[in-house]
file start13.pdb (PDB, C-alpha atoms and all ligand atoms)
ATOM      1  CA  MET U   1      33.342 -10.586  24.385
ATOM      2  CA  THR U   2      36.584  -9.718  22.663
ATOM      3  CA  VAL U   3      37.457  -6.209  21.631
ATOM      4  CA  SER U   4      39.655  -4.907  18.871
ATOM      5  CA  ALA U   5      41.011  -1.502  18.006
ATOM      6  CA  ILE U   6      38.477   0.421  15.981
ATOM      7  CA  LYS U   7      40.266   3.691  15.573
ATOM      8  CA  LEU U   8      43.555   5.180  16.613
ATOM      9  CA  ILE U   9      43.079   8.891  16.997
ATOM     10  CA  GLN U  10      46.132  10.991  16.287
ATOM     11  CA  PRO U  11      46.978  14.156  18.192
ATOM     12  CA  GLY U  12      46.231  16.221  15.075
ATOM     13  CA  GLU U  13      42.616  15.050  15.197
ATOM     14  CA  ILE U  14      42.135  16.199  18.754
ATOM     15  CA  GLN U  15      39.293  18.625  18.949
ATOM     16  CA  GLY U  16      39.473  21.940  20.767
ATOM     17  CA  MET U  17      36.700  23.791  22.546
ATOM     18  CA  PRO U  18      33.769  24.882  20.358
ATOM     19  CA  GLU U  19      33.901  28.408  18.988
ATOM     20  CA  ASP U  20      30.139  28.716  18.471
ATOM     21  CA  ASP U  21      27.395  28.794  21.103
ATOM     22  CA  THR U  22      27.428  25.046  21.797
ATOM     23  CA  PRO U  23      26.663  24.787  25.536
ATOM     24  CA  LEU U  24      29.586  23.694  27.718
ATOM     25  CA  LEU U  25      27.367  22.572  30.586
ATOM     26  CA  VAL U  26      23.831  21.217  30.508
ATOM     27  CA  VAL U  27      21.781  20.517  33.639
ATOM     28  CA  MET U  28      19.143  17.837  33.191
ATOM     29  CA  ASP U  29      15.505  17.846  34.183
ATOM     30  CA  ALA U  30      15.358  15.278  36.994
ATOM     31  CA  ARG U  31      12.014  13.747  36.012
ATOM     32  CA  GLN U  32      13.099  13.325  32.413
ATOM     33  CA  ALA U  33      16.488  11.907  33.386
ATOM     34  CA  PHE U  34      15.107   9.277  35.774
ATOM     35  CA  GLN U  35      12.189   8.388  33.509
ATOM     36  CA  ASP U  36      14.479   7.891  30.502
ATOM     37  CA  ARG U  37      16.742   5.682  32.601
ATOM     38  CA  ALA U  38      13.854   3.565  33.942
ATOM     39  CA  THR U  39      12.395   3.102  30.455
ATOM     40  CA  ARG U  40      15.728   2.138  28.933
ATOM     41  CA  LEU U  41      16.601  -0.264  31.762
ATOM     42  CA  ALA U  42      13.241  -2.016  31.433
ATOM     43  CA  GLN U  43      13.843  -2.323  27.690
ATOM     44  CA  LEU U  44      17.365  -3.708  28.216
ATOM     45  CA  ALA U  45      16.168  -6.122  30.921
ATOM     46  CA  ALA U  46      13.652  -7.593  28.485
ATOM     47  CA  THR U  47      16.340  -8.660  26.026
ATOM     48  CA  HIS U  48      19.598  -8.953  27.955
ATOM     49  CA  THR U  49      21.183 -12.135  29.264
ATOM     50  CA  ASP U  50      21.791 -10.505  32.649
ATOM     51  CA  SER U  51      18.138  -9.573  32.862
ATOM     52  CA  ALA U  52      17.530 -10.147  36.595
ATOM     53  CA  TRP U  53      20.187  -7.619  37.507
ATOM     54  CA  LEU U  54      18.983  -5.077  34.944
ATOM     55  CA  GLY U  55      15.394  -5.713  36.028
ATOM     56  CA  PHE U  56      16.323  -4.702  39.578
ATOM     57  CA  CYS U  57      18.098  -1.591  38.239
ATOM     58  CA  ALA U  58      14.916  -0.743  36.288
ATOM     59  CA  GLN U  59      12.886  -1.034  39.504
ATOM     60  CA  LEU U  60      15.348   1.220  41.290
ATOM     61  CA  ALA U  61      15.190   3.853  38.533
ATOM     62  CA  GLN U  62      11.374   3.663  38.622
ATOM     63  CA  ALA U  63      11.557   4.194  42.388
ATOM     64  CA  GLN U  64      13.603   7.324  41.701
ATOM     65  CA  VAL U  65      10.812   8.609  39.447
ATOM     66  CA  ASP U  66       8.195   7.754  42.096
ATOM     67  CA  ALA U  67      10.221   9.426  44.874
ATOM     68  CA  LEU U  68      10.734  12.740  43.039
ATOM     69  CA  GLY U  69       7.861  14.377  44.925
ATOM     70  CA  SER U  70       9.630  13.723  48.233
ATOM     71  CA  VAL U  71      12.728  15.764  47.362
ATOM     72  CA  GLU U  72      12.852  19.227  48.841
ATOM     73  CA  THR U  73      15.517  21.474  47.391
ATOM     74  CA  VAL U  74      17.497  23.927  49.500
ATOM     75  CA  ALA U  75      17.611  27.545  48.302
ATOM     76  CA  LEU U  76      21.043  28.597  47.036
ATOM     77  CA  ASP U  77      22.853  31.918  47.356
ATOM     78  CA  GLU U  78      23.058  33.105  43.741
ATOM     79  CA  THR U  79      26.240  35.078  44.315
ATOM     80  CA  VAL U  80      27.969  32.003  45.693
ATOM     81  CA  VAL U  81      26.820  29.931  42.702
ATOM     82  CA  GLN U  82      28.104  32.560  40.255
ATOM     83  CA  GLU U  83      31.460  32.925  41.999
ATOM     84  CA  SER U  84      31.823  29.138  42.196
ATOM     85  CA  PHE U  85      31.386  28.669  38.452
ATOM     86  CA  LYS U  86      33.697  31.603  37.716
ATOM     87  CA  HIS U  87      36.428  30.015  39.821
ATOM     88  CA  SER U  88      35.805  26.428  38.613
ATOM     89  CA  VAL U  89      34.576  25.309  42.034
ATOM     90  CA  PRO U  90      31.516  23.015  41.949
ATOM     91  CA  PRO U  91      28.630  24.993  43.547
ATOM     92  CA  LEU U  92      27.047  21.786  44.885
ATOM     93  CA  SER U  93      30.306  20.166  45.909
ATOM     94  CA  ILE U  94      30.103  16.652  47.332
ATOM     95  CA  SER U  95      33.074  17.451  49.558
ATOM     96  CA  THR U  96      31.074  19.848  51.746
ATOM     97  CA  TRP U  97      27.921  17.714  52.054
ATOM     98  CA  LYS U  98      26.364  17.513  55.490
ATOM     99  CA  PRO U  99      23.575  14.927  55.695
ATOM    100  CA  ASP U 100      20.308  16.484  56.851
ATOM    101  CA  ALA U 101      16.693  15.397  57.403
ATOM    102  CA  ARG U 102      16.152  15.094  53.646
ATOM    103  CA  TRP U 103      18.219  11.902  53.549
ATOM    104  CA  SER U 104      15.690   9.872  55.539
ATOM    105  CA  VAL U 105      12.712  11.333  53.664
ATOM    106  CA  VAL U 106      14.149  10.416  50.278
ATOM    107  CA  LEU U 107      15.276   6.953  51.392
ATOM    108  CA  ALA U 108      11.802   6.263  52.820
ATOM    109  CA  ALA U 109      10.164   7.316  49.539
ATOM    110  CA  LEU U 110      12.484   5.033  47.555
ATOM    111  CA  GLU U 111      11.786   2.170  49.951
ATOM    112  CA  ALA U 112       8.014   2.632  49.674
ATOM    113  CA  SER U 113       8.114   2.461  45.877
ATOM    114  CA  LEU U 114      10.433  -0.560  45.850
ATOM    115  CA  ARG U 115       8.285  -2.521  48.322
ATOM    116  CA  LYS U 116       5.198  -1.702  46.287
ATOM    117  CA  GLN U 117       6.880  -2.941  43.113
ATOM    118  CA  GLY U 118       7.886  -6.199  44.838
ATOM    119  CA  LEU U 119      11.558  -7.143  45.073
ATOM    120  CA  PRO U 120      13.433 -10.434  44.624
ATOM    121  CA  ASP U 121      14.336 -11.992  48.012
ATOM    122  CA  GLY U 122      18.061 -11.182  47.997
ATOM    123  CA  VAL U 123      17.488  -7.567  47.091
ATOM    124  CA  ARG U 124      14.724  -7.200  49.679
ATOM    125  CA  ALA U 125      17.056  -8.524  52.374
ATOM    126  CA  ALA U 126      19.648  -5.882  51.454
ATOM    127  CA  LEU U 127      17.039  -3.119  51.610
ATOM    128  CA  ASP U 128      15.881  -4.429  55.020
ATOM    129  CA  ARG U 129      19.466  -4.260  56.254
ATOM    130  CA  LEU U 130      19.992  -0.717  55.010
ATOM    131  CA  VAL U 131      16.860   0.740  56.608
ATOM    132  CA  ALA U 132      17.654  -1.069  59.884
ATOM    133  CA  LEU U 133      21.107   0.559  60.094
ATOM    134  CA  PRO U 134      21.508   3.422  62.582
ATOM    135  CA  LEU U 135      21.172   6.773  60.833
ATOM    136  CA  SER U 136      24.797   7.635  61.582
ATOM    137  CA  GLU U 137      25.932   4.471  59.767
ATOM    138  CA  GLN U 138      23.680   5.228  56.769
ATOM    139  CA  HIS U 139      25.248   8.701  56.597
ATOM    140  CA  LYS U 140      28.749   7.244  56.826
ATOM    141  CA  GLN U 141      28.073   4.844  53.967
ATOM    142  CA  ALA U 142      26.568   7.664  51.888
ATOM    143  CA  GLN U 143      29.579   9.893  52.490
ATOM    144  CA  ALA U 144      31.983   7.089  51.568
ATOM    145  CA  LEU U 145      30.070   6.410  48.345
ATOM    146  CA  LEU U 146      30.151  10.114  47.431
ATOM    147  CA  ALA U 147      33.885  10.281  48.090
ATOM    148  CA  ALA U 148      34.508   7.191  45.908
ATOM    149  CA  GLU U 149      35.835   5.323  48.962
ATOM    150  CA  GLU U 150      34.142   2.207  47.710
ATOM    151  CA  GLN U 151      36.046  -0.146  49.993
ATOM    152  CA  LEU U 152      34.047   1.384  52.879
ATOM    153  CA  VAL U 153      30.666   0.772  51.240
ATOM    154  CA  ALA U 154      28.683  -2.470  51.430
ATOM    155  CA  ALA U 155      28.292  -3.453  47.769
ATOM    156  CA  ASP U 156      24.711  -4.688  48.123
ATOM    157  CA  LEU U 157      23.609  -1.472  49.863
ATOM    158  CA  ALA U 158      25.345   0.857  47.393
ATOM    159  CA  PRO U 159      22.606   0.901  44.703
ATOM    160  CA  PHE U 160      19.978   2.146  47.197
ATOM    161  CA  ILE U 161      22.348   4.693  48.720
ATOM    162  CA  GLY U 162      23.411   5.841  45.247
ATOM    163  CA  ALA U 163      19.797   6.174  44.110
ATOM    164  CA  ALA U 164      18.954   8.388  47.107
ATOM    165  CA  LEU U 165      22.032  10.580  46.589
ATOM    166  CA  GLN U 166      21.249  10.958  42.882
ATOM    167  CA  LEU U 167      17.741  12.157  43.733
ATOM    168  CA  LEU U 168      19.063  14.822  46.121
ATOM    169  CA  TRP U 169      21.706  16.125  43.689
ATOM    170  CA  THR U 170      19.809  15.901  40.417
ATOM    171  CA  CYS U 171      16.877  17.894  41.837
ATOM    172  CA  GLU U 172      19.215  20.453  43.444
ATOM    173  CA  ALA U 173      21.257  20.812  40.241
ATOM    174  CA  LYS U 174      18.236  22.326  38.490
ATOM    175  CA  LEU U 175      18.667  25.401  40.739
ATOM    176  CA  VAL U 176      22.002  26.264  39.112
ATOM    177  CA  SER U 177      20.707  25.991  35.531
ATOM    178  CA  SER U 178      20.510  29.769  34.971
ATOM    179  CA  PHE U 179      24.229  30.074  35.728
ATOM    180  CA  THR U 180      25.670  27.237  33.660
ATOM    181  CA  HIS U 181      26.862  29.710  30.971
ATOM    182  CA  LEU U 182      29.482  30.834  33.516
ATOM    183  CA  HIS U 183      31.236  27.473  33.221
ATOM    184  CA  LYS U 184      34.077  27.976  30.761
ATOM    185  CA  GLY U 185      36.553  25.248  31.481
ATOM    186  CA  GLU U 186      37.398  21.693  30.739
ATOM    187  CA  ASN U 187      36.979  19.420  33.719
ATOM    188  CA  GLY U 188      37.580  15.755  34.383
ATOM    189  CA  LEU U 189      35.068  15.961  37.236
ATOM    190  CA  CYS U 190      31.519  17.365  37.183
ATOM    191  CA  PRO U 191      31.531  21.197  37.261
ATOM    192  CA  VAL U 192      28.264  21.148  39.262
ATOM    193  CA  CYS U 193      29.024  18.647  42.035
ATOM    194  CA  GLY U 194      32.613  17.411  41.589
ATOM    195  CA  SER U 195      31.707  13.739  40.999
ATOM    196  CA  HIS U 196      33.223  11.378  38.461
ATOM    197  CA  PRO U 197      31.567  10.883  35.090
ATOM    198  CA  VAL U 198      29.753   7.627  34.422
ATOM    199  CA  THR U 199      30.535   7.690  30.703
ATOM    200  CA  SER U 200      30.896  10.035  27.757
ATOM    201  CA  VAL U 201      28.269  10.474  25.088
ATOM    202  CA  LEU U 202      27.892  11.895  21.601
ATOM    203  CA  ARG U 203      24.368  13.241  21.479
ATOM    204  CA  VAL U 204      22.147  13.805  18.462
ATOM    205  CA  GLY U 205      20.041  16.945  18.015
ATOM    206  CA  ASP U 206      21.167  20.419  19.145
ATOM    207  CA  ARG U 207      24.486  19.109  20.464
ATOM    208  CA  ASP U 208      25.137  16.814  17.500
ATOM    209  CA  GLY U 209      28.721  15.617  17.127
ATOM    210  CA  HIS U 210      29.978  17.090  20.389
ATOM    211  CA  ARG U 211      31.144  14.887  23.194
ATOM    212  CA  TYR U 212      29.929  15.343  26.765
ATOM    213  CA  LEU U 213      30.848  13.667  30.013
ATOM    214  CA  VAL U 214      27.815  12.610  32.055
ATOM    215  CA  CYS U 215      27.841  13.022  35.840
ATOM    216  CA  SER U 216      27.388   9.810  37.820
ATOM    217  CA  LEU U 217      25.614  11.745  40.593
ATOM    218  CA  CYS U 218      23.688  14.812  39.348
ATOM    219  CA  ALA U 219      23.280  13.754  35.665
ATOM    220  CA  SER U 220      24.692  17.072  34.380
ATOM    221  CA  GLU U 221      26.539  16.858  31.062
ATOM    222  CA  TRP U 222      29.680  18.876  30.402
ATOM    223  CA  TYR U 223      31.681  19.403  27.249
ATOM    224  CA  ALA U 224      34.781  17.277  26.739
ATOM    225  CA  PRO U 225      36.773  17.689  23.515
ATOM    226  CA  ARG U 226      36.701  14.454  21.526
ATOM    227  CA  ALA U 227      39.639  12.134  21.199
ATOM    228  CA  ARG U 228      41.388  13.280  24.325
ATOM    229  CA  CYS U 229      41.913  11.271  27.496
ATOM    230  CA  THR U 230      39.494  12.669  30.079
ATOM    231  CA  ASN U 231      41.532  11.124  32.878
ATOM    232  CA  CYS U 232      45.026  12.527  32.356
ATOM    233  CA  ASP U 233      44.551  15.028  29.490
ATOM    234  CA  THR U 234      47.664  13.736  27.731
ATOM    235  CA  PRO U 235      48.454  15.291  24.355
ATOM    236  CA  LYS U 236      49.140  11.746  23.070
ATOM    237  CA  GLU U 237      46.663   9.819  20.980
ATOM    238  CA  VAL U 238      43.902   7.653  22.442
ATOM    239  CA  SER U 239      42.508   4.493  20.861
ATOM    240  CA  ARG U 240      38.938   3.382  20.635
ATOM    241  CA  LEU U 241      38.258  -0.284  21.343
ATOM    242  CA  GLY U 242      34.982  -2.091  20.911
ATOM    243  CA  GLU U 243      33.282  -5.237  19.722
ATOM    244  CA  THR U 244      32.516  -3.774  16.284
ATOM    245  CA  PRO U 245      32.746  -0.279  14.745
ATOM    246  CA  ASP U 246      28.937  -0.165  14.953
ATOM    247  CA  SER U 247      28.770  -0.894  18.687
ATOM    248  CA  LEU U 248      26.700   1.665  20.607
ATOM    249  CA  VAL U 249      29.190   1.554  23.481
ATOM    250  CA  GLN U 250      32.959   1.554  22.963
ATOM    251  CA  GLY U 251      35.973   2.274  25.160
ATOM    252  CA  GLU U 252      38.215   5.269  24.639
ATOM    253  CA  CYS U 253      41.528   4.044  25.973
ATOM    254  CA  CYS U 254      44.679   5.945  26.904
ATOM    255  CA  ASP U 255      48.054   4.211  26.801
ATOM    256  CA  ASP U 256      49.627   7.025  28.789
ATOM    257  CA  CYS U 257      47.663   6.586  32.030
ATOM    258  CA  GLY U 258      46.094   3.194  31.244
ATOM    259  CA  GLY U 259      42.598   4.546  31.876
ATOM    260  CA  TYR U 260      39.493   4.301  29.735
ATOM    261  CA  ILE U 261      36.072   5.867  29.623
ATOM    262  CA  LYS U 262      33.177   4.447  27.669
ATOM    263  CA  ILE U 263      31.887   6.463  24.770
ATOM    264  CA  MET U 264      28.302   6.081  23.546
ATOM    265  CA  PHE U 265      26.915   7.153  20.194
ATOM    266  CA  GLN U 266      23.289   8.196  20.405
ATOM    267  CA  SER U 267      23.086   8.142  16.596
ATOM    268  CA  LYS U 268      23.336   4.340  16.844
ATOM    269  CA  GLU U 269      20.453   4.037  19.357
ATOM    270  CA  PRO U 270      18.231   7.083  19.974
ATOM    271  CA  LEU U 271      16.772   5.649  23.223
ATOM    272  CA  MET U 272      20.159   5.003  24.829
ATOM    273  CA  ASP U 273      20.690   6.230  28.373
ATOM    274  CA  PRO U 274      24.229   6.782  29.682
ATOM    275  CA  SER U 275      23.744   5.116  33.047
ATOM    276  CA  ALA U 276      21.492   2.293  31.810
ATOM    277  CA  ASP U 277      23.654   1.383  28.833
ATOM    278  CA  ASP U 278      26.718   1.447  31.051
ATOM    279  CA  LEU U 279      25.107  -1.155  33.335
ATOM    280  CA  ALA U 280      24.150  -3.279  30.332
ATOM    281  CA  THR U 281      27.708  -3.366  28.969
ATOM    282  CA  LEU U 282      29.717  -4.648  31.936
ATOM    283  CA  ASN U 283      31.115  -7.318  29.583
ATOM    284  CA  LEU U 284      32.844  -4.504  27.691
ATOM    285  CA  ASP U 285      34.457  -3.463  30.991
ATOM    286  CA  LEU U 286      35.700  -7.016  31.487
ATOM    287  CA  ALA U 287      37.104  -7.111  27.951
ATOM    288  CA  LEU U 288      38.876  -3.765  28.382
ATOM    289  CA  ALA U 289      40.230  -4.862  31.771
ATOM    290  CA  SER U 290      41.699  -7.954  30.135
ATOM    291  CA  GLU U 291      43.448  -5.629  27.675
ATOM    292  CA  GLY U 292      45.029  -3.949  30.704
ATOM    293  CA  TYR U 293      42.916  -0.782  30.928
ATOM    294  CA  GLN U 294      41.337   0.602  34.083
ATOM    295  CA  ARG U 295      37.868   2.050  34.275
ATOM    296  CA  THR U 296      37.742   5.760  35.156
ATOM    297  CA  GLY U 297      33.945   6.151  35.114
ATOM    298  CA  ARG U 298      31.691   5.340  38.072
ATOM    299  CA  ASN U 299      28.132   4.034  38.246
ATOM    300  CA  LEU U 300      26.467   4.390  41.649
ATOM    301  CA  PHE U 301      24.199   1.402  40.951
ATOM    302  CA  PHE U 302      27.234  -0.851  40.622
ATOM    303  CA  VAL U 303      30.220  -0.605  42.920
ATOM    304  CA  THR U 304      32.462  -3.459  43.943
ATOM    305  CA  GLY U 305      32.599  -2.247  47.559
ATOM    306  CA  GLN U 306      33.294  -4.457  50.560
ATOM    307  CA  ASP U 307      33.454  -8.217  50.103
ATOM    308  CA  GLU U 308      31.495  -8.845  53.261
ATOM    309  CA  PRO U 309      28.399  -6.913  54.307
ATOM    310  CA  SER U 310      29.023  -4.395  57.077
ATOM    311  CA  LYS U 311      28.823  -6.086  60.473
ATOM    312  CA  SER U 312      28.042  -2.895  62.364
ATOM    313  CA  ASP U 313      24.296  -3.587  62.190
TER     314      ASP U 313
HETATM  315 ZN    ZN U 401      27.421  16.299  39.013
HETATM  316 ZN    ZN U 402      45.141   9.183  30.040
END

call {"tool": "encode", "arguments": {"input": "start13.pdb", "output": "structure tokens"}}
result
Amino acid sequence: MTVSAIKLIQPGEIQGMPEDDTPLLVVMDARQAFQDRATRLAQLAATHTDSAWLGFCAQLAQAQVDALGSVETVALDETVVQESFKHSVPPLSISTWKPDARWSVVLAALEASLRKQGLPDGVRAALDRLVALPLSEQHKQAQALLAAEEQLVAADLAPFIGAALQLLWTCEAKLVSSFTHLHKGENGLCPVCGSHPVTSVLRVGDRDGHRYLVCSLCASEWYAPRARCTNCDTPKEVSRLGETPDSLVQGECCDDCGGYIKIMFQSKEPLMDPSADDLATLNLDLALASEGYQRTGRNLFFVTGQDEPSKSD
């Protein structure tokens, strides 16, 4: 794929924060989020050239749907949640996560669904390796993935670890939904958990025309003014690059910091899913990389990680 500049957005076009009651933070329903992702991935796998990879991702998202019943949430102190939002501290911060018994329960539920669905040999071998790892090593890999220390994570284990972490956080995020109105700010990282966005999206419907960043971990969506670099917040212009002006997924690129985040237009494809359509457009990432831009979004189903599988097992 080659990309060309579609639009150069001048500083004067940069949008401010909304002055009406447009929500600044939206927490997703976990079942809906995982089901939408599984459906979209299956649809993409049916038509895409990289269909084996997307087919596995569809199985993993379906396993997330199947494993939802295994996730127990932990009651939160409402005062702490309120104070956290007021002070722009993520109430479910990844930085204070202590693995507990829920990790193994959720991983076992994912594994059961995946084995029932039947996995390709290579993928099954990776799953076998992960579940055979000592618990302390599983926790270490999970913590490294959360902290974006991808060089410490075995690339072939990351999708399973990411899927389990997403289940824990997306279900827990629902518990803060009555306090999301307390979020007032603009953040580059998720106001609920502190993770990186996977992409940005312009939704249709109630939030029509407004741009949101989508959390790579808990699926929450938070308001990000359009046409502004979400990585460095420079007042300079950003440019949008893509295959065609009608492409569902384009790159919003900043020449100040050299970063880009994908932007997706739901008006072009109502069934789009931020995480699924990100995975289906890795060729756009390659094209933007060849233009000299660096990806600032993360997708927990796809990390480059270690070259060699971890030898500690
Ligand atoms: Zn989050
Ligand atoms: Zn920038």

call {"tool": "resolve_selection", "arguments": {"input": "start13.pdb", "expression": "the PyMOL selection byres (((not hetatm)) within 6 of (chain U and resi 401))", "output": "MDAnalysis selection string"}}
result
chainID U and resid 190 192:195 215 217:220

call {"tool": "closest_residue", "arguments": {"input": "start13.pdb", "among": "U:Gly122, U:Gly259, U:Gly205, U:Pro18", "to": "Arg226 in chain U", "atoms": "only C-alpha atoms"}}
result
U:Pro18

call {"tool": "closest_atom_pairs", "arguments": {"input": "start13.pdb", "of": "chain U", "to": "ligand ZN 402 (chain U)", "cutoff": "8 Å", "atoms": "all atoms listed in the file", "output": "Markdown table"}}
result
| residue | atom | partner | partner_atom | distance |
| --- | --- | --- | --- | --- |
| U:Arg228 | CA | U:ZN402 | ZN | 8.0 |
| U:Cys229 | CA | U:ZN402 | ZN | 4.6 |
| U:Thr230 | CA | U:ZN402 | ZN | 6.6 |
| U:Asn231 | CA | U:ZN402 | ZN | 5.0 |
| U:Cys232 | CA | U:ZN402 | ZN | 4.1 |
| U:Asp233 | CA | U:ZN402 | ZN | 5.9 |
| U:Thr234 | CA | U:ZN402 | ZN | 5.7 |
| U:Val238 | CA | U:ZN402 | ZN | 7.8 |
| U:Cys253 | CA | U:ZN402 | ZN | 7.5 |
| U:Cys254 | CA | U:ZN402 | ZN | 4.5 |
| U:Asp255 | CA | U:ZN402 | ZN | 6.6 |
| U:Asp256 | CA | U:ZN402 | ZN | 5.1 |
| U:Cys257 | CA | U:ZN402 | ZN | 4.1 |
| U:Gly258 | CA | U:ZN402 | ZN | 6.2 |
| U:Gly259 | CA | U:ZN402 | ZN | 5.6 |
| U:Tyr260 | CA | U:ZN402 | ZN | 7.5 |

call {"tool": "closest_residue", "arguments": {"input": "start13.pdb", "among": "U:Glu243, U:Glu78, U:Glu137, U:Asp277", "to": "Ser178 in chain U", "atoms": "only C-alpha atoms"}}
result
U:Glu78

call {"tool": "residues_around", "arguments": {"input": "start13.pdb", "residues": "range 302-304 of chain U", "least_positions_apart": "5", "cutoff": "7 Å", "atoms": "only C-alpha atoms", "output": "ChimeraX atom specification"}}
result
/U:150,155,158-159

call {"tool": "closest_residue", "arguments": {"input": "start13.pdb", "among": "U:Gly162, U:Pro191, U:Pro120, U:Pro235", "to": "Gln64 in chain U", "atoms": "all atoms listed in the file"}}
result
U:Gly162

call {"tool": "atom_distance", "arguments": {"input": "start13.pdb", "atom1": "CA of Arg40 in chain U", "atom2": "CA of Ala61 in chain U"}}
result
9.8 Å
